[in-house]
Amino acid sequence: MTMFPRATLVAKLALAALCVAGLTRTAEAQSFPARTISLVVPFAAGGPSDVIARLLAEHMGRTLGQSVVVENTAGAGGTTGATRVALSPADGYTVLIHHLALKAAPALYNNLRYDTAAAFEPLGMINTGPMVLATKLALEPKTASDFFAYARAQGDRLTMAHAGVGSNSHLCALLIGQASGAKPTLIAYRGTGPAMNDLVGGQIDALCDQSTSAIPQIQGNRIRGLAVTSAERLAIIPNVPTTRETGTAIDMTIWHGLYAPRGTPAEAVEKLSAALRAAVADPAINERFASFGTSSFPAAQRTREAHKAAFDAEIAKWAATLRAAGVVAGAAN
């Protein structure tokens with residue numbers, strides 16, 4: 001057996017320890033290597049979630065140094081896309097953008113393939129804004145008050161679009177019916193993008209959509225904005241009153257969040273969350289948010305912890321709201 005002097009042996013052992021440490025650090029650094037990230041939008045292209053996702057994807061991709069590709073997986077009020085992400089490998093390469101519909105789904109669907117409260121790792125909140133009640137230009141009523149009276153008189157002859165059971169537009173339509181006594185025929189689409197196209201084309205009478213999608217169409221005089229569901233009017237469409245002003249108060253604020261599958265490695269979660277925070281802090285993105293009638297959250301509310309708290313609170317809130325509205329859970333299609 002070869003014998004080494006003590007000093008030589010100590011030096012060799014120290015070198016070996018350094019090599020092991022270096023390999024460990026390299027492995028840690030490579031635990032979330034750069035490759036394409038799928039940002040799943042659970043609604044059709046052209047809708048508000050899709051618009052926000054594409055803003056984020058470009059900015060986050062630059063920050064992360066890897067491609068972030070938007071993929072639309074529409075269906076069942078946003079639960080098809082949510083299911084895809086919940087059941088994806090928890091490796092950080094598949095993330096979900098979603099809104100209120102994710103939190104309302106447990107009260108609306110009895111056959112979800114995931115536990116909403118436990119399936120996702122909240123990465124951070126993005127932007128918040130109201131819904132806008134809008135009609136086709138040819139519809140007779142020109143104000144919200146007249147619309148509610150007209151809707152009650154028309155009954156199921158009035159058609160109102162939504163993006164699927166449990167979507168923001170569907171929940172808003174339910175609240176409008178509950179507050180006004182109207183009972184229009186609700187028609188489901190695979191997203192508010194296609195629904196908005198039919199509203200502009202006059203194939204549908206009304207739609208309650210996020211301000212992100214509704215405002216450009218109102219400004220272009222392609223649809224008529226009747227009311228916003230915020231406490232105050234939006235500066236970008238100051239002539240559109242709040243529902244409170246119409247005497248039929250519907251308070252409904254929507255916010256988007258970003259999610260990874262539960263169990264995603266901590267390093268990937270932190271990198272994704274940091275890239276999201278950087279995007280939401282960018283003045284250029286905030287200008288775009290403002291042009292949609294929305295705003296980003298204050299810095300203190302952009303953390304993963306704040307997102308988790310808000311997420312849990314809204315699951316309970318919407319379960320109670322939908323029970324009060326007499327909504328019974330059914331099967332997701």
# chains A, B, ... in the order shown; residues from 1 in each chain; ligands from 1
$ select_by_dssp --residues "stretch 176-320 of chain A" --states "strand (DSSP E)" --output "list in words"
Thr185, Leu186, Ile187, Ala188, Ala206, Leu207, Cys208, Asp209, Gln210, Ile223, Arg224, Gly225, Leu226, Ala227, Val228, Thr253, Ile254, Trp255, His256, Gly257, Leu258, Tyr259, Ala260, Pro261, Ser295 and Ser296 of chain A
$ write_last_selection --atoms "N, CA and C atoms" --output "short mmCIF file (atom, residue, chain, number, x, y, z; two decimals), in the first residue's frame"
data_model
loop_
_atom_site.label_atom_id
_atom_site.label_comp_id
_atom_site.auth_asym_id
_atom_site.auth_seq_id
_atom_site.Cartn_x
_atom_site.Cartn_y
_atom_site.Cartn_z
N THR A 185 -80.75 34.40 -20.73
CA THR A 185 -80.18 33.12 -21.15
C THR A 185 -78.67 33.27 -21.19
N LEU A 186 -77.96 32.45 -20.42
CA LEU A 186 -76.50 32.52 -20.37
C LEU A 186 -75.91 31.55 -21.39
N ILE A 187 -75.01 32.06 -22.21
CA ILE A 187 -74.42 31.26 -23.28
C ILE A 187 -72.91 31.15 -23.06
N ALA A 188 -72.44 29.91 -22.96
CA ALA A 188 -71.03 29.66 -22.65
C ALA A 188 -70.16 29.66 -23.91
N ALA A 206 -75.31 40.85 -24.44
CA ALA A 206 -74.57 41.46 -23.33
C ALA A 206 -73.44 40.55 -22.87
N LEU A 207 -72.49 41.15 -22.16
CA LEU A 207 -71.35 40.43 -21.63
C LEU A 207 -70.80 41.22 -20.46
N CYS A 208 -70.46 40.54 -19.39
CA CYS A 208 -69.76 41.16 -18.26
C CYS A 208 -68.32 40.68 -18.34
N ASP A 209 -67.41 41.55 -18.75
CA ASP A 209 -66.04 41.13 -19.02
C ASP A 209 -65.07 41.95 -18.18
N GLN A 210 -63.85 41.44 -18.07
CA GLN A 210 -62.82 42.20 -17.38
C GLN A 210 -62.51 43.49 -18.15
N ILE A 223 -68.68 48.49 -28.76
CA ILE A 223 -69.68 48.02 -27.81
C ILE A 223 -70.04 49.19 -26.90
N ARG A 224 -71.09 49.01 -26.10
CA ARG A 224 -71.49 50.08 -25.18
C ARG A 224 -71.20 49.65 -23.74
N GLY A 225 -70.37 50.41 -23.06
CA GLY A 225 -70.09 50.16 -21.66
C GLY A 225 -71.17 50.77 -20.79
N LEU A 226 -71.80 49.97 -19.92
CA LEU A 226 -72.91 50.46 -19.10
C LEU A 226 -72.52 50.71 -17.65
N ALA A 227 -71.65 49.89 -17.09
CA ALA A 227 -71.30 50.04 -15.68
C ALA A 227 -70.04 49.26 -15.36
N VAL A 228 -69.31 49.71 -14.34
CA VAL A 228 -68.15 48.99 -13.83
C VAL A 228 -68.46 48.51 -12.41
N THR A 253 -64.16 42.61 -7.79
CA THR A 253 -62.81 42.96 -8.21
C THR A 253 -62.06 41.68 -8.57
N ILE A 254 -61.40 41.71 -9.69
CA ILE A 254 -60.70 40.53 -10.22
C ILE A 254 -59.20 40.73 -10.09
N TRP A 255 -58.49 39.68 -9.67
CA TRP A 255 -57.03 39.76 -9.72
C TRP A 255 -56.44 38.47 -10.28
N HIS A 256 -55.33 38.66 -10.99
CA HIS A 256 -54.60 37.53 -11.56
C HIS A 256 -53.45 37.14 -10.64
N GLY A 257 -53.17 35.85 -10.63
CA GLY A 257 -52.01 35.34 -9.91
C GLY A 257 -51.29 34.32 -10.76
N LEU A 258 -50.05 34.01 -10.38
CA LEU A 258 -49.25 33.01 -11.09
C LEU A 258 -49.01 31.84 -10.14
N TYR A 259 -49.10 30.61 -10.67
CA TYR A 259 -49.04 29.41 -9.85
C TYR A 259 -48.14 28.36 -10.49
N ALA A 260 -47.47 27.58 -9.63
CA ALA A 260 -46.74 26.38 -10.05
C ALA A 260 -47.37 25.18 -9.36
N PRO A 261 -47.16 23.98 -9.86
CA PRO A 261 -47.67 22.80 -9.15
C PRO A 261 -47.03 22.69 -7.76
N SER A 295 -54.52 47.78 -12.13
CA SER A 295 -53.29 48.24 -11.50
C SER A 295 -52.58 47.06 -10.86
N SER A 296 -51.26 47.19 -10.67
CA SER A 296 -50.52 46.16 -9.98
C SER A 296 -50.73 46.30 -8.47
#
$ residues_around --residues "stretch 45-54 of chain A" --least-positions-apart "2" --cutoff "9 Å" --atoms "only C-alpha atoms" --output "ChimeraX atom specification"
/A:39-43,56-59,69-72,74,97-99,126-127,191-194,196,209-214,256,289
$ closest_residue --among "A:Ala331, A:Ala134, A:Leu139, A:Ala266" --to "A:Val240" --atoms "only C-alpha atoms"
A:Ala134
$ closest_residue --among "A:Thr135, A:Thr229, A:Ser145, A:Asn286" --to "A:Gly202" --atoms "only C-alpha atoms"
A:Thr135
$ residues_around --residues "A:Pro238" --least-positions-apart "3" --cutoff "12 Å" --atoms "only C-alpha atoms" --output "compact mmCIF listing (two decimals) with N, CA, C and O atoms, in the first residue's frame"
# COMPACT_ATOMS: atom_id res chain seq x y z
N ILE A 215 -62.41 47.60 -22.25
CA ILE A 215 -62.09 49.02 -22.46
C ILE A 215 -61.69 49.34 -23.91
O ILE A 215 -62.20 50.31 -24.48
N ILE A 218 -64.84 49.50 -25.94
CA ILE A 218 -65.66 50.68 -25.60
C ILE A 218 -65.06 51.92 -26.22
O ILE A 218 -65.76 52.74 -26.82
N GLN A 219 -63.75 52.07 -26.08
CA GLN A 219 -63.07 53.25 -26.64
C GLN A 219 -63.17 53.28 -28.16
O GLN A 219 -63.21 54.36 -28.76
N GLY A 225 -70.37 50.41 -23.06
CA GLY A 225 -70.09 50.16 -21.66
C GLY A 225 -71.17 50.77 -20.79
O GLY A 225 -71.46 51.97 -20.90
N LEU A 226 -71.80 49.97 -19.92
CA LEU A 226 -72.91 50.46 -19.10
C LEU A 226 -72.52 50.71 -17.65
O LEU A 226 -73.03 51.63 -17.03
N ALA A 227 -71.65 49.89 -17.09
CA ALA A 227 -71.30 50.04 -15.68
C ALA A 227 -70.04 49.26 -15.36
O ALA A 227 -69.73 48.26 -16.02
N VAL A 228 -69.31 49.71 -14.34
CA VAL A 228 -68.15 48.99 -13.83
C VAL A 228 -68.46 48.51 -12.41
O VAL A 228 -69.24 49.13 -11.69
N GLU A 232 -65.38 52.94 -7.47
CA GLU A 232 -65.26 54.23 -8.13
C GLU A 232 -65.15 54.03 -9.64
O GLU A 232 -64.75 52.98 -10.12
N ARG A 233 -65.48 55.08 -10.38
CA ARG A 233 -65.34 55.03 -11.84
C ARG A 233 -63.88 54.88 -12.23
O ARG A 233 -62.97 55.26 -11.48
N LEU A 234 -63.65 54.34 -13.41
CA LEU A 234 -62.30 54.20 -13.92
C LEU A 234 -61.92 55.47 -14.68
O LEU A 234 -62.69 55.95 -15.52
N ALA A 235 -60.73 55.97 -14.40
CA ALA A 235 -60.29 57.22 -15.04
C ALA A 235 -60.22 57.09 -16.55
O ALA A 235 -60.44 58.06 -17.28
N PRO A 241 -70.57 54.71 -15.45
CA PRO A 241 -70.80 54.77 -14.00
C PRO A 241 -70.49 53.44 -13.31
O PRO A 241 -70.32 52.40 -13.97
N THR A 242 -70.44 53.48 -11.99
CA THR A 242 -70.31 52.25 -11.21
C THR A 242 -71.70 51.63 -11.05
O THR A 242 -72.72 52.30 -11.18
N GLY A 293 -57.40 49.64 -17.36
CA GLY A 293 -58.25 49.93 -16.21
C GLY A 293 -57.91 49.07 -15.01
O GLY A 293 -58.75 48.87 -14.13
$ closest_residue --among "A:Cys172, A:Val269, A:Ala107, A:Val165" --to "A:Leu322" --atoms "only C-alpha atoms"
A:Ala107
$ closest_residue --among "A:Ala290, A:Ala153, A:Ala119, A:Ala274" --to "A:Pro89" --atoms "only C-alpha atoms"
A:Ala119
$ decode --residues "stretch 251-264 of chain A" --atoms "all heavy atoms" --output "JSON list (two decimals), in the first residue's frame"
[["chain", "number", "residue", "atom", "x", "y", "z"],
["A", 251, "ASP", "N", -70.35, 44.49, -6.43],
["A", 251, "ASP", "CA", -68.94, 44.73, -6.13],
["A", 251, "ASP", "C", -68.14, 43.48, -6.50],
["A", 251, "ASP", "O", -68.30, 42.44, -5.88],
["A", 251, "ASP", "CB", -68.74, 45.06, -4.65],
["A", 251, "ASP", "CG", -69.41, 46.39, -4.27],
["A", 251, "ASP", "OD1", -69.31, 47.33, -5.07],
["A", 251, "ASP", "OD2", -70.02, 46.46, -3.19],
["A", 252, "MET", "N", -67.31, 43.62, -7.50],
["A", 252, "MET", "CA", -66.55, 42.46, -7.98],
["A", 252, "MET", "C", -65.21, 42.92, -8.53],
["A", 252, "MET", "O", -65.13, 43.58, -9.57],
["A", 252, "MET", "CB", -67.34, 41.73, -9.07],
["A", 252, "MET", "CG", -66.73, 40.41, -9.49],
["A", 252, "MET", "SD", -67.86, 39.53, -10.64],
["A", 252, "MET", "CE", -66.86, 38.08, -11.00],
["A", 253, "THR", "N", -64.16, 42.61, -7.79],
["A", 253, "THR", "CA", -62.81, 42.96, -8.21],
["A", 253, "THR", "C", -62.06, 41.68, -8.57],
["A", 253, "THR", "O", -62.10, 40.71, -7.81],
["A", 253, "THR", "CB", -62.06, 43.71, -7.09],
["A", 253, "THR", "OG1", -62.79, 44.89, -6.75],
["A", 253, "THR", "CG2", -60.66, 44.10, -7.54],
["A", 254, "ILE", "N", -61.40, 41.71, -9.69],
["A", 254, "ILE", "CA", -60.70, 40.53, -10.22],
["A", 254, "ILE", "C", -59.20, 40.73, -10.09],
["A", 254, "ILE", "O", -58.69, 41.81, -10.35],
["A", 254, "ILE", "CB", -61.04, 40.31, -11.70],
["A", 254, "ILE", "CG1", -62.55, 40.24, -11.90],
["A", 254, "ILE", "CG2", -60.37, 39.06, -12.24],
["A", 254, "ILE", "CD1", -63.25, 39.20, -11.07],
["A", 255, "TRP", "N", -58.49, 39.68, -9.67],
["A", 255, "TRP", "CA", -57.03, 39.76, -9.72],
["A", 255, "TRP", "C", -56.44, 38.47, -10.28],
["A", 255, "TRP", "O", -56.99, 37.40, -10.12],
["A", 255, "TRP", "CB", -56.42, 40.09, -8.37],
["A", 255, "TRP", "CG", -56.79, 39.21, -7.21],
["A", 255, "TRP", "CD1", -57.80, 39.42, -6.32],
["A", 255, "TRP", "CD2", -56.14, 38.00, -6.77],
["A", 255, "TRP", "NE1", -57.82, 38.42, -5.37],
["A", 255, "TRP", "CE2", -56.81, 37.55, -5.63],
["A", 255, "TRP", "CE3", -55.05, 37.27, -7.25],
["A", 255, "TRP", "CZ2", -56.43, 36.39, -4.94],
["A", 255, "TRP", "CZ3", -54.67, 36.11, -6.58],
["A", 255, "TRP", "CH2", -55.36, 35.68, -5.43],
["A", 256, "HIS", "N", -55.33, 38.66, -10.99],
["A", 256, "HIS", "CA", -54.60, 37.53, -11.56],
["A", 256, "HIS", "C", -53.45, 37.14, -10.64],
["A", 256, "HIS", "O", -52.84, 37.99, -10.00],
["A", 256, "HIS", "CB", -54.01, 37.89, -12.93],
["A", 256, "HIS", "CG", -55.01, 37.92, -14.03],
["A", 256, "HIS", "ND1", -55.69, 39.06, -14.39],
["A", 256, "HIS", "CD2", -55.45, 36.95, -14.87],
["A", 256, "HIS", "CE1", -56.50, 38.79, -15.39],
["A", 256, "HIS", "NE2", -56.38, 37.51, -15.71],
["A", 257, "GLY", "N", -53.17, 35.85, -10.63],
["A", 257, "GLY", "CA", -52.01, 35.34, -9.91],
["A", 257, "GLY", "C", -51.29, 34.32, -10.76],
["A", 257, "GLY", "O", -51.84, 33.79, -11.74],
["A", 258, "LEU", "N", -50.05, 34.01, -10.38],
["A", 258, "LEU", "CA", -49.25, 33.01, -11.09],
["A", 258, "LEU", "C", -49.01, 31.84, -10.14],
["A", 258, "LEU", "O", -48.73, 32.04, -8.95],
["A", 258, "LEU", "CB", -47.92, 33.62, -11.53],
["A", 258, "LEU", "CG", -47.17, 32.87, -12.65],
["A", 258, "LEU", "CD1", -47.97, 32.93, -13.95],
["A", 258, "LEU", "CD2", -45.79, 33.48, -12.86],
["A", 259, "TYR", "N", -49.10, 30.61, -10.67],
["A", 259, "TYR", "CA", -49.04, 29.41, -9.85],
["A", 259, "TYR", "C", -48.14, 28.36, -10.49],
["A", 259, "TYR", "O", -48.08, 28.24, -11.72],
["A", 259, "TYR", "CB", -50.44, 28.80, -9.69],
["A", 259, "TYR", "CG", -51.46, 29.76, -9.13],
["A", 259, "TYR", "CD1", -52.14, 30.65, -9.97],
["A", 259, "TYR", "CD2", -51.74, 29.79, -7.77],
["A", 259, "TYR", "CE1", -53.06, 31.55, -9.47],
["A", 259, "TYR", "CE2", -52.67, 30.68, -7.26],
["A", 259, "TYR", "CZ", -53.33, 31.56, -8.10],
["A", 259, "TYR", "OH", -54.24, 32.45, -7.59],
["A", 260, "ALA", "N", -47.47, 27.58, -9.63],
["A", 260, "ALA", "CA", -46.74, 26.38, -10.05],
["A", 260, "ALA", "C", -47.37, 25.18, -9.36],
["A", 260, "ALA", "O", -48.07, 25.35, -8.36],
["A", 260, "ALA", "CB", -45.26, 26.50, -9.67],
["A", 261, "PRO", "N", -47.16, 23.98, -9.86],
["A", 261, "PRO", "CA", -47.67, 22.80, -9.15],
["A", 261, "PRO", "C", -47.03, 22.69, -7.76],
["A", 261, "PRO", "O", -45.85, 23.00, -7.59],
["A", 261, "PRO", "CB", -47.22, 21.62, -10.03],
["A", 261, "PRO", "CG", -46.97, 22.22, -11.38],
["A", 261, "PRO", "CD", -46.48, 23.61, -11.12],
["A", 262, "ARG", "N", -47.82, 22.27, -6.77],
["A", 262, "ARG", "CA", -47.28, 22.08, -5.43],
["A", 262, "ARG", "C", -46.17, 21.03, -5.46],
["A", 262, "ARG", "O", -46.29, 20.01, -6.15],
["A", 262, "ARG", "CB", -48.40, 21.64, -4.48],
["A", 262, "ARG", "CG", -47.97, 21.45, -3.02],
["A", 262, "ARG", "CD", -47.42, 22.74, -2.41],
["A", 262, "ARG", "NE", -48.34, 23.85, -2.47],
["A", 262, "ARG", "CZ", -49.27, 24.12, -1.53],
["A", 262, "ARG", "NH1", -49.42, 23.30, -0.50],
["A", 262, "ARG", "NH2", -50.05, 25.18, -1.64],
["A", 263, "GLY", "N", -45.10, 21.30, -4.74],
["A", 263, "GLY", "CA", -43.95, 20.41, -4.74],
["A", 263, "GLY", "C", -42.83, 20.87, -5.65],
["A", 263, "GLY", "O", -41.77, 20.23, -5.69],
["A", 264, "THR", "N", -43.04, 21.98, -6.37],
["A", 264, "THR", "CA", -41.99, 22.53, -7.22],
["A", 264, "THR", "C", -40.79, 22.90, -6.34],
["A", 264, "THR", "O", -40.96, 23.48, -5.27],
["A", 264, "THR", "CB", -42.50, 23.78, -7.97],
["A", 264, "THR", "OG1", -43.58, 23.38, -8.83],
["A", 264, "THR", "CG2", -41.42, 24.41, -8.81]]
